[in-house]
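Peer 1: Just structure30.txt, nothing more (compact mmCIF, C-alpha atoms and all ligand atoms):
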# COMPACT_ATOMS: atom_id res chain seq x y z
CA VAL A 1 5.44 -20.73 0.64
CA ALA A 2 8.17 -21.97 -1.72
CA ALA A 3 11.71 -20.97 -0.73
CA LYS A 4 12.67 -18.82 -3.76
CA ALA A 5 9.30 -17.30 -4.55
CA ASN A 6 8.58 -13.76 -3.44
CA TYR A 7 5.40 -13.26 -1.48
CA SER A 8 3.96 -10.27 0.36
CA VAL A 9 1.00 -9.67 2.61
CA VAL A 10 -1.05 -6.66 1.51
CA LEU A 11 -3.97 -4.86 3.15
CA ARG A 12 -7.15 -6.01 1.39
CA GLN A 13 -9.53 -3.62 3.18
CA ARG A 14 -9.55 -1.18 6.07
CA PRO A 15 -10.90 -3.12 9.07
CA GLU A 16 -14.20 -2.18 10.69
CA GLY A 17 -13.02 -3.09 14.19
CA VAL A 18 -10.28 -5.44 15.38
CA ILE A 19 -8.32 -6.52 12.31
CA ALA A 20 -9.23 -9.99 11.00
CA PRO A 21 -7.05 -12.28 8.86
CA ASP A 22 -9.46 -11.67 5.94
CA ASP A 23 -8.58 -7.97 5.96
CA LEU A 24 -5.13 -9.05 4.74
CA GLU A 25 -4.10 -11.08 1.70
CA LEU A 26 -1.03 -13.08 0.67
CA THR A 27 0.05 -12.16 -2.86
CA GLU A 28 2.86 -13.34 -5.14
CA ARG A 29 4.95 -10.48 -6.48
CA PRO A 30 8.02 -10.08 -8.71
CA LEU A 31 11.34 -10.48 -6.92
CA PRO A 32 12.58 -6.88 -6.41
CA ALA A 33 15.83 -5.97 -8.19
CA PRO A 34 18.29 -3.87 -6.16
CA ALA A 35 19.45 -0.62 -7.81
CA GLY A 36 22.97 0.74 -7.21
CA GLY A 37 23.48 1.29 -3.46
CA GLN A 38 20.71 -1.14 -2.54
CA LEU A 39 20.57 -4.65 -1.10
CA LEU A 40 18.18 -7.53 -1.70
CA VAL A 41 17.34 -8.92 1.74
CA ARG A 42 15.83 -12.38 2.37
CA VAL A 43 13.58 -11.89 5.37
CA GLN A 44 14.14 -14.27 8.27
CA PHE A 45 12.03 -12.65 10.98
CA LEU A 46 9.18 -10.18 10.79
CA SER A 47 8.08 -8.01 13.73
CA LEU A 48 4.34 -7.65 14.36
CA ASP A 49 3.50 -4.54 16.39
CA PRO A 50 0.24 -2.88 17.49
CA TYR A 51 1.12 0.41 15.73
CA MET A 52 0.52 -1.35 12.39
CA ALA A 53 -3.19 -1.47 13.24
CA SER A 54 -3.08 2.28 13.82
CA ALA A 55 -1.31 2.73 10.45
CA VAL A 56 -4.07 0.68 8.80
CA GLN A 57 -6.59 3.10 10.37
CA GLN A 58 -4.42 5.86 8.81
CA ARG A 59 -3.58 7.44 12.15
CA HIS A 60 0.09 6.61 12.81
CA PRO A 61 3.13 8.93 12.42
CA SER A 62 5.08 6.18 10.65
CA GLY A 63 2.69 6.56 7.71
CA ALA A 64 -0.70 5.35 6.54
CA VAL A 65 -1.35 1.94 4.98
CA PHE A 66 -4.00 1.84 2.24
CA PRO A 67 -5.74 -1.14 0.62
CA GLY A 68 -3.31 -2.77 -1.83
CA ASP A 69 -0.21 -1.63 0.13
CA VAL A 70 2.27 -4.17 1.48
CA MET A 71 2.03 -4.18 5.28
CA PRO A 72 5.09 -2.39 6.72
CA ALA A 73 7.36 -3.98 9.32
CA GLU A 74 10.80 -4.02 10.78
CA VAL A 75 12.54 -7.18 9.65
CA VAL A 76 15.73 -9.10 10.30
CA GLY A 77 17.12 -10.76 7.21
CA VAL A 78 20.16 -11.94 5.28
CA VAL A 79 21.67 -9.99 2.39
CA GLU A 80 21.05 -12.13 -0.70
CA GLN A 81 22.51 -9.65 -3.20
CA SER A 82 24.52 -6.49 -2.49
CA ARG A 83 25.00 -3.48 -4.75
CA HIS A 84 26.64 -1.49 -1.95
CA PRO A 85 30.38 -1.77 -1.13
CA ASP A 86 29.82 -1.86 2.66
CA PHE A 87 27.56 -4.93 2.59
CA ALA A 88 28.24 -8.47 1.44
CA GLU A 89 26.08 -11.48 0.76
CA GLY A 90 25.34 -13.27 4.01
CA ASP A 91 25.37 -10.15 6.22
CA VAL A 92 22.54 -10.16 8.75
CA VAL A 93 20.72 -6.82 8.77
CA LEU A 94 17.80 -5.02 10.37
CA THR A 95 15.68 -2.82 8.10
CA ARG A 96 12.22 -1.39 7.66
CA GLY A 97 10.92 -3.70 4.98
CA GLY A 98 7.50 -5.24 4.91
CA TRP A 99 5.53 -8.43 5.35
CA SER A 100 7.43 -10.09 2.49
CA THR A 101 9.80 -12.92 1.81
CA PHE A 102 12.26 -10.47 0.17
CA CYS A 103 12.69 -6.72 0.47
CA LEU A 104 15.03 -4.00 -0.71
CA ALA A 105 17.16 -2.02 1.73
CA ASP A 106 19.40 1.03 1.29
CA GLY A 107 23.06 0.49 2.03
CA ASP A 108 23.80 4.15 2.81
CA ALA A 109 23.75 5.51 6.33
CA PRO A 110 20.29 6.81 7.19
CA ALA A 111 19.37 10.44 7.61
CA SER A 112 19.14 11.46 11.24
CA GLY A 113 15.96 11.86 13.29
CA LEU A 114 12.56 10.44 12.44
CA GLN A 115 13.38 10.26 8.73
CA GLY A 116 16.32 8.01 9.54
CA ILE A 117 14.36 5.79 11.93
CA LEU A 118 11.59 5.31 9.39
CA SER A 119 13.90 4.85 6.38
CA ALA A 120 14.62 1.56 4.65
CA ALA A 121 18.31 1.77 5.59
CA ALA A 122 20.07 -1.50 6.42
CA HIS A 123 21.74 -1.79 9.82
CA ARG A 124 24.26 -4.63 10.10
CA LEU A 125 23.59 -6.69 13.24
CA PRO A 126 26.18 -8.27 15.51
CA PRO A 127 25.57 -11.93 16.38
CA PRO A 128 23.06 -12.15 19.25
CA PRO A 129 24.20 -13.61 22.60
CA PRO A 130 24.71 -17.42 22.48
CA GLY A 131 21.47 -19.38 22.30
CA ILE A 132 19.40 -16.27 21.48
CA PRO A 133 17.75 -15.97 18.02
CA ALA A 134 18.39 -12.89 15.82
CA SER A 135 14.68 -12.03 16.23
CA VAL A 136 15.72 -10.53 19.58
CA TYR A 137 16.70 -7.42 17.59
CA LEU A 138 12.99 -6.91 16.85
CA GLY A 139 11.97 -7.26 20.50
CA LEU A 140 14.06 -6.94 23.61
CA LEU A 141 17.13 -5.55 21.79
CA GLY A 142 15.00 -3.51 19.40
CA MET A 143 12.20 -0.96 19.41
CA PRO A 144 10.00 -2.50 22.17
CA GLY A 145 12.95 -3.03 24.55
CA LEU A 146 14.20 0.48 23.85
CA THR A 147 10.71 1.80 24.60
CA ALA A 148 10.76 0.16 28.03
CA TYR A 149 14.30 1.35 28.78
CA ALA A 150 13.71 4.97 27.75
CA ILE A 151 10.44 5.10 29.72
CA MET A 152 12.25 3.88 32.82
CA ILE A 153 15.38 6.00 32.67
CA ARG A 154 13.99 9.18 31.10
CA THR A 155 10.28 9.41 31.86
CA LEU A 156 9.33 7.48 35.01
CA ARG A 157 12.68 7.07 36.82
CA PRO A 158 11.35 4.65 39.47
CA GLN A 159 13.07 4.83 42.84
CA PRO A 160 13.78 1.82 45.08
CA GLY A 161 10.69 0.97 47.10
CA GLU A 162 8.26 2.75 44.77
CA THR A 163 5.41 0.86 43.11
CA VAL A 164 5.24 0.71 39.32
CA ALA A 165 2.21 -0.57 37.40
CA VAL A 166 2.61 -1.80 33.84
CA PHE A 167 -0.25 -2.29 31.38
CA ALA A 168 0.03 -5.18 28.86
CA ALA A 169 2.55 -6.45 31.39
CA ALA A 170 3.28 -9.72 29.59
CA GLY A 171 3.65 -8.14 26.14
CA ALA A 172 6.76 -7.02 24.27
CA VAL A 173 7.15 -3.58 25.88
CA GLY A 174 5.46 -4.50 29.16
CA SER A 175 7.57 -7.57 29.90
CA ALA A 176 10.73 -5.49 29.48
CA ALA A 177 9.31 -2.54 31.43
CA GLY A 178 8.26 -4.67 34.39
CA GLN A 179 11.59 -6.46 34.57
CA LEU A 180 13.50 -3.17 34.35
CA ALA A 181 11.41 -1.50 37.07
CA ARG A 182 12.09 -4.48 39.36
CA LEU A 183 15.83 -4.34 38.59
CA MET A 184 15.68 -0.64 39.55
CA GLY A 185 14.33 -1.66 42.96
CA ALA A 186 10.63 -0.97 42.50
CA ARG A 187 7.66 -3.13 43.50
CA THR A 188 6.00 -4.13 40.21
CA VAL A 189 2.32 -4.70 39.46
CA GLY A 190 1.39 -6.13 36.08
CA ILE A 191 -2.01 -5.39 34.51
CA VAL A 192 -2.99 -8.12 32.05
CA GLY A 193 -5.91 -9.49 30.06
CA SER A 194 -6.20 -13.04 31.45
CA GLU A 195 -5.42 -15.29 34.40
CA ALA A 196 -2.90 -17.18 32.24
CA LYS A 197 -1.02 -13.96 31.54
CA ALA A 198 -1.19 -13.03 35.24
CA ALA A 199 0.47 -16.35 36.12
CA HIS A 200 3.12 -15.76 33.43
CA ALA A 201 3.72 -12.22 34.74
CA ARG A 202 4.26 -13.44 38.30
CA ASP A 203 6.03 -16.75 37.67
CA VAL A 204 8.19 -16.01 34.61
CA LEU A 205 8.61 -12.24 34.64
CA ALA A 206 8.80 -11.97 38.45
CA TYR A 207 6.21 -9.22 38.89
CA ASP A 208 5.37 -8.83 42.58
CA ALA A 209 1.66 -8.92 41.71
CA ALA A 210 -0.51 -9.22 38.62
CA VAL A 211 -4.10 -8.07 38.18
CA VAL A 212 -6.49 -9.03 35.38
CA ARG A 213 -7.91 -5.84 33.82
CA GLY A 214 -11.65 -5.16 33.79
CA GLY A 215 -14.66 -6.10 35.91
CA ASP A 216 -16.44 -4.06 38.57
CA ASP A 217 -14.02 -5.19 41.27
CA PHE A 218 -10.88 -4.14 39.33
CA PRO A 219 -10.22 -1.07 41.53
CA GLU A 220 -10.40 -3.20 44.71
CA ARG A 221 -8.12 -5.90 43.27
CA LEU A 222 -5.66 -3.23 42.15
CA ALA A 223 -5.67 -1.63 45.60
CA VAL A 224 -4.81 -5.01 47.16
CA ALA A 225 -1.94 -5.47 44.65
CA ALA A 226 -0.64 -1.94 45.29
CA PRO A 227 -1.29 -1.20 48.97
CA ARG A 228 0.97 1.88 48.89
CA ARG A 229 -0.71 3.18 45.72
CA LEU A 230 1.10 3.69 42.41
CA ASP A 231 4.11 5.94 42.00
CA ALA A 232 4.54 5.26 38.29
CA VAL A 233 2.47 3.74 35.49
CA VAL A 234 3.25 2.56 31.94
CA SER A 235 -0.02 2.75 30.04
CA ASN A 236 -1.10 1.61 26.58
CA VAL A 237 -4.83 2.14 26.89
CA CYS A 238 -7.10 5.06 27.55
CA GLY A 239 -10.46 3.64 28.68
CA SER A 240 -12.17 2.96 31.99
CA VAL A 241 -9.45 0.59 33.28
CA PHE A 242 -6.93 3.38 32.77
CA GLU A 243 -9.14 5.77 34.72
CA SER A 244 -9.33 3.27 37.61
CA VAL A 245 -5.54 3.10 37.58
CA LEU A 246 -5.25 6.90 37.65
CA TRP A 247 -7.41 6.96 40.79
CA GLN A 248 -4.78 4.73 42.47
CA LEU A 249 -1.91 7.18 41.84
CA ALA A 250 0.20 8.20 44.81
CA HIS A 251 0.90 11.87 45.46
CA GLY A 252 3.32 13.03 42.74
CA GLY A 253 2.67 9.95 40.60
CA ARG A 254 4.05 9.75 37.04
CA VAL A 255 2.35 8.21 34.03
CA ALA A 256 4.00 7.35 30.71
CA PHE A 257 1.24 7.21 28.10
CA THR A 258 2.40 5.23 25.08
CA GLY A 259 -0.73 4.82 22.98
CA ASP A 260 -4.22 3.41 23.04
CA VAL A 261 -4.36 -0.12 21.71
CA ALA A 262 -8.17 -0.18 21.99
CA GLN A 263 -8.32 2.88 19.72
CA TYR A 264 -6.14 1.10 17.13
CA ASN A 265 -8.89 -1.52 16.97
CA SER A 266 -11.65 0.96 16.20
CA ARG A 267 -12.67 3.37 13.45
CA GLU A 268 -14.64 5.41 16.00
CA ILE A 269 -12.90 7.87 18.31
CA LEU A 270 -13.26 6.26 21.76
CA PRO A 271 -14.10 8.27 24.90
CA SER A 272 -11.23 9.51 27.04
CA PRO A 273 -10.98 9.01 30.81
CA SER A 274 -11.53 11.74 33.38
CA LEU A 275 -8.31 13.55 34.20
CA SER A 276 -9.52 14.54 37.70
CA PRO A 277 -7.33 11.90 39.40
CA LEU A 278 -4.22 13.61 37.98
CA LEU A 279 -5.26 16.78 39.77
CA ALA A 280 -5.99 15.00 43.04
CA ALA A 281 -2.60 13.26 43.01
CA ARG A 282 -0.62 16.26 41.66
CA ALA A 283 0.47 13.75 39.05
CA THR A 284 2.29 14.12 35.75
CA MET A 285 1.31 12.34 32.55
CA THR A 286 3.81 12.29 29.69
CA GLY A 287 3.06 11.35 26.11
CA PHE A 288 5.92 9.03 25.23
CA VAL A 289 7.17 8.25 21.70
CA VAL A 290 10.15 5.98 21.28
CA TYR A 291 11.25 7.80 18.10
CA ASP A 292 12.61 10.55 20.41
CA HIS A 293 14.95 8.10 22.16
CA TYR A 294 16.93 6.21 19.51
CA ASP A 295 20.15 7.80 20.81
CA LEU A 296 19.82 5.31 23.71
CA LEU A 297 19.70 2.21 21.47
CA PRO A 298 23.44 1.31 21.48
CA ARG A 299 23.66 1.67 25.28
CA TRP A 300 20.44 -0.29 25.80
CA ARG A 301 21.66 -3.14 23.59
CA GLU A 302 24.90 -3.34 25.60
CA ILE A 303 23.07 -3.46 28.93
CA ALA A 304 20.36 -5.83 27.77
CA CYS A 305 22.84 -8.27 26.19
CA GLU A 306 24.75 -8.42 29.46
CA TRP A 307 21.57 -8.96 31.48
CA LEU A 308 20.29 -11.60 29.05
CA VAL A 309 23.54 -13.54 29.39
CA ASP A 310 23.48 -13.17 33.21
CA GLY A 311 19.85 -14.33 33.29
CA LYS A 312 18.69 -11.03 34.83
CA LEU A 313 16.31 -10.51 31.91
CA VAL A 314 13.96 -13.18 30.59
CA LEU A 315 13.22 -13.32 26.86
CA HIS A 316 9.84 -14.57 25.67
CA GLU A 317 8.59 -14.62 22.07
CA ASP A 318 5.31 -15.64 20.48
CA LEU A 319 6.73 -17.20 17.31
CA THR A 320 4.64 -18.08 14.26
CA GLU A 321 6.20 -20.05 11.39
CA GLY A 322 5.45 -18.94 7.82
CA LEU A 323 4.52 -15.62 6.18
CA GLU A 324 1.14 -17.06 5.17
CA ARG A 325 0.27 -17.32 8.88
CA ALA A 326 1.24 -13.69 9.64
CA PRO A 327 -2.35 -12.35 9.24
CA GLU A 328 -3.67 -14.74 11.89
CA ALA A 329 -0.72 -13.93 14.19
CA PHE A 330 -1.43 -10.21 13.81
CA ALA A 331 -5.12 -10.71 14.57
CA ARG A 332 -4.15 -12.65 17.71
CA LEU A 333 -1.82 -9.79 18.76
CA MET A 334 -4.58 -7.24 18.31
CA ARG A 335 -7.10 -9.41 20.21
CA GLY A 336 -4.64 -9.52 23.13
CA GLU A 337 -3.97 -13.24 22.73
CA THR A 338 -0.18 -13.19 22.45
CA THR A 339 2.40 -13.27 25.23
CA GLY A 340 5.86 -11.77 24.77
CA LYS A 341 7.16 -10.29 21.53
CA THR A 342 5.10 -11.33 18.48
CA ILE A 343 7.39 -12.58 15.70
CA VAL A 344 6.88 -14.37 12.40
CA ALA A 345 9.68 -16.65 11.18
CA VAL A 346 9.54 -16.18 7.41
CA GLY A 347 12.44 -18.21 6.06
N1 LIG A 401 4.66 5.30 22.12
C1 LIG A 401 5.63 4.49 21.75
O1 LIG A 401 6.72 4.93 21.44
C2 LIG A 401 5.39 3.02 21.73
C3 LIG A 401 6.41 2.13 21.35
C4 LIG A 401 6.14 0.77 21.38
C5 LIG A 401 4.88 0.31 21.75
N2 LIG A 401 3.92 1.20 22.08
C6 LIG A 401 2.60 0.78 22.51
O2 LIG A 401 2.75 -0.05 23.63
C7 LIG A 401 1.74 -1.02 23.65
C8 LIG A 401 2.36 -2.40 23.78
O3 LIG A 401 3.04 -2.71 22.58
P1 LIG A 401 3.69 -4.13 22.39
O4 LIG A 401 4.37 -4.13 21.08
O5 LIG A 401 4.46 -4.46 23.60
O6 LIG A 401 2.42 -5.06 22.27
P2 LIG A 401 1.99 -6.25 23.24
O7 LIG A 401 1.93 -5.72 24.62
O8 LIG A 401 2.86 -7.42 22.98
O9 LIG A 401 0.53 -6.58 22.71
C9 LIG A 401 -0.52 -5.69 22.92
C10 LIG A 401 -1.22 -5.99 24.26
O10 LIG A 401 -2.11 -4.94 24.56
C11 LIG A 401 -3.01 -5.41 25.55
N3 LIG A 401 -4.33 -4.80 25.43
C12 LIG A 401 -4.81 -3.88 26.26
N4 LIG A 401 -6.01 -3.50 25.92
C13 LIG A 401 -6.35 -4.19 24.83
C14 LIG A 401 -7.50 -4.21 24.02
N5 LIG A 401 -8.56 -3.43 24.26
N6 LIG A 401 -7.49 -5.04 22.98
C15 LIG A 401 -6.43 -5.82 22.71
N7 LIG A 401 -5.29 -5.83 23.47
C16 LIG A 401 -5.27 -5.02 24.52
C17 LIG A 401 -3.03 -6.93 25.42
O11 LIG A 401 -2.43 -7.43 26.61
P3 LIG A 401 -3.35 -7.78 27.87
O12 LIG A 401 -4.49 -8.56 27.29
O13 LIG A 401 -2.49 -8.59 28.74
O14 LIG A 401 -3.79 -6.48 28.45
C18 LIG A 401 -2.12 -7.21 24.25
O15 LIG A 401 -1.43 -8.43 24.40
C19 LIG A 401 0.93 -0.83 22.37
O16 LIG A 401 -0.21 -0.06 22.65
C20 LIG A 401 1.88 -0.07 21.48
O17 LIG A 401 1.24 0.70 20.52
C21 LIG A 401 4.14 2.54 22.06
Show me, as structure tokens, the structure contained in the file I just sent.
Ligand SMILES: NC(=O)c1ccc[n+]([C@@H]2O[C@H](COP(=O)([O-])OP(=O)(O)OC[C@H]3O[C@@H](n4cnc5c(N)ncnc54)[C@H](OP(=O)(O)O)[C@@H]3O)[C@@H](O)[C@H]2O)c1

Peer 2:
Amino acid sequence: VAAKANYSVVLRQRPEGVIAPDDLELTERPLPAPAGGQLLVRVQFLSLDPYMASAVQQRHPSGAVFPGDVMPAEVVGVVEQSRHPDFAEGDVVLTRGGWSTFCLADGDAPASGLQGILSAAAHRLPPPPPGIPASVYLGLLGMPGLTAYAIMIRTLRPQPGETVAVFAAAGAVGSAAGQLARLMGARTVGIVGSEAKAAHARDVLAYDAAVVRGGDDFPERLAVAAPRRLDAVVSNVCGSVFESVLWQLAHGGRVAFTGDVAQYNSREILPSPSLSPLLAARATMTGFVVYDHYDLLPRWREIACEWLVDGKLVLHEDLTEGLERAPEAFARLMRGETTGKTIVAVG
């Protein structure tokens, strides 16, 4: 992709199952011109997140994506042209743009609540901690990190000595959630899709144990990893593995349910698990949506920056270079083949 050209990735067709690179298409488009109050932003980093697959299936609260639409994304970029007095060329900002080399952002303060979170307002970013790329504002210091933090301090509240299981334990949210639960004194069990991710979870993210999801012996392997059962669970799936995990809940167990990544990969409505284990354990399951917790973002960034600098938190990104390679990176994310926060370096 040439440096000054403007390219976008659009949805070509609604996927049948797991999104494939061919469902998306790189197109050249006119460079957008900022109106009064707007900024032209040159995108540096693009966040790829599972919810985009749900938006493509027209089922996500952030809005539906239809064929021909530019794929939406949070981006970090540099102000190339400002028509707002509070922003200058060269400012580094976070905004909801799209899978594009350039996007427009609004310079005015966003409306509050969901409307504000989902607006195209520009948020000026402070420099990240030394040695850390600005893409961290899309991962650990952004929405996925905030998700993990809010789940831990508001929904699950793990106590020292409790056992916390985390689905997609090596992913963007999961890697932060597991590390936070350990820092809060819990025993942590990661649930992952491969042996390689299990090794990463144990060796890099310091989970006490990691279990590969699936297979007839999954319940037995989970019971070995969590001998005192599970006091708290962060879940992102809803199928049979989830049901096995529910059967391992301790009395009074808590579950934060954040979505169903398998459902995002399907047009069909997938079967739900039995809820009987919740009854047996007198457990609580909470539907968790990060949009309700953006008031915590400034505090979380402060804490996480400190812990990143102290080495208490490990940062891991799956970085792809080039907008033209974003479709393949997204397909890898949705096939469960990425580790850490999935980022595309655009320019
Ligand atoms: N509710 C909220 O507010 C909120 C906010 C942020 C994220 N989320 C949800 O949290 C989950 C994690 O998000 P993330 O951004 O951190 O993504 P991620 O964990 O980096 O990537 C998604 C992971 O899901 C796992 N997975 C489980 N079942 C899968 C399946 N059937 N097919 C493909 N992958 C599967 C894979 O890990 P393994 O192969 O290791 O299992 C994959 O790497 C997503 O479901 C997302 O929608 C919810």

Peer 1: Around ligand LIG 401 (chain A), out to 6 Å and counting only C-alpha atoms and all ligand atoms, which residues are there? I want them as a ChimeraX atom specification.

Peer 2: /A:49-51,144,147,168,170-174,192-193,236-237,258-262,288-290,333-338,340-341

Peer 1: Give me, please, the distance in Å between CA of Ile343 (chain A) and CA of Ala232 (chain A), quoted to one decimal.

Peer 2: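 According to the coordinates, CA of Ile343 (chain A) and CA of Ala232 (chain A) are separated by 28.9 Å.
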
Peer 1: Which residue is closest to Leu40 (chain A)? Choose from A:Gly215, A:Gly90, A:Pro61, A:Pro126 and count only C-alpha atoms.

Peer 2: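 Comparing A:Gly215, A:Gly90, A:Pro61, A:Pro126 against Leu40 (chain A), the winner is A:Gly90.
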
Peer 1: Could you give me, as CSV, every region 177-242 of chain A residue with an atom at most 9 Å from region 157-160 of chain A, plus its closest atom pair and distance in Å to one decimal, counting all atoms listed in the file, rows ordered by chain then number?

Peer 2:
residue,atom,partner,partner_atom,distance
A:Ala181,CA,A:Pro158,CA,6.6
A:Arg182,CA,A:Pro160,CA,8.7
A:Met184,CA,A:Pro160,CA,6.3
A:Gly185,CA,A:Pro160,CA,4.1
A:Ala186,CA,A:Pro160,CA,4.9
A:Arg187,CA,A:Pro160,CA,8.0
A:Asp231,CA,A:Pro158,CA,7.8
A:Ala232,CA,A:Pro158,CA,6.9

Peer 1: Just write the chosen residues, C-alpha atoms, as a compact mmCIF listing (two decimals), in the frame of the given file.

Peer 2:
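Below you can see result_2.txt, which holds the result:
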# COMPACT_ATOMS: atom_id res chain seq x y z
CA ALA A 181 11.41 -1.50 37.07
CA ARG A 182 12.09 -4.48 39.36
CA MET A 184 15.68 -0.64 39.55
CA GLY A 185 14.33 -1.66 42.96
CA ALA A 186 10.63 -0.97 42.50
CA ARG A 187 7.66 -3.13 43.50
CA ASP A 231 4.11 5.94 42.00
CA ALA A 232 4.54 5.26 38.29

Peer 1: With only C-alpha atoms as the counted atoms, please give the residues lying no more than 10 Å from Leu140 (chain A), apart from itself and same-chain residues fewer than 3 positions off, as a VMD selection string.

Peer 2: chain A and resid 135 to 137 143 to 149 172 to 173 175 to 176 300 to 301 304 to 305 308 313 to 317 340 to 341

Peer 1: Residues near region 281-286 of chain A, anyone? I mean within 7 Å using all atoms listed in the file, not counting same-chain ones fewer than 2 positions away, as a list in words.

Peer 2: Leu249, Ala250, His251, Gly252, Gly253, Arg254, Val255, Ala256, Phe257, Pro277, Leu278, Leu279 and Phe288 of chain A

Peer 1: Any idea what's packed within 6 Å of Arg42 (chain A), counting all atoms listed in the file, ignoring anything in its chain fewer than 6 positions away? Could you give it as a PyMOL selection string?

Peer 2: chain A and resi 77-78+102

Peer 1: Mind giving me the axis-aligned box for region 234-245 of chain A with 5 Å on every side, centre plus edges in Å to one decimal, as AutoDock Vina command-line options?

Peer 2:
--center_x -4.5 --center_y 3.2 --center_z 32.1 --size_x 25.4 --size_y 15.2 --size_z 21.0

Peer 1: So how far away is CA of Arg96 (chain A) from CA of Pro72 (chain A), in Å?

Peer 2: 7.3 Å

Peer 1: Restricting the calculation to only C-alpha atoms, which member of A:Arg221, A:Arg154, A:His123, A:His60 is positioned closest to Asp292 (chain A)?

Peer 2: A:Arg154

Peer 1: So what do you get for CA of Val92 (chain A) versus CA of Val76 (chain A), distance-wise?

Peer 2: 7.1 Å

Peer 1: Considering only C-alpha atoms, state which residue in the set A:Leu141, A:Ala201, A:Met152, A:Ala33 is at the smallest distance from Leu94 (chain A).

Peer 2: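 When distances to Leu94 (chain A) are compared using only C-alpha atoms, the smallest one comes from A:Leu141.
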
Peer 1: Could you tell me which of A:Ala73, A:Ile151, A:Thr339, A:Gly113 comes closest to Val204 (chain A) if we count only C-alpha atoms?

Peer 2: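 Of A:Ala73, A:Ile151, A:Thr339, A:Gly113, the one nearest Val204 (chain A), counting only C-alpha atoms, is A:Thr339.
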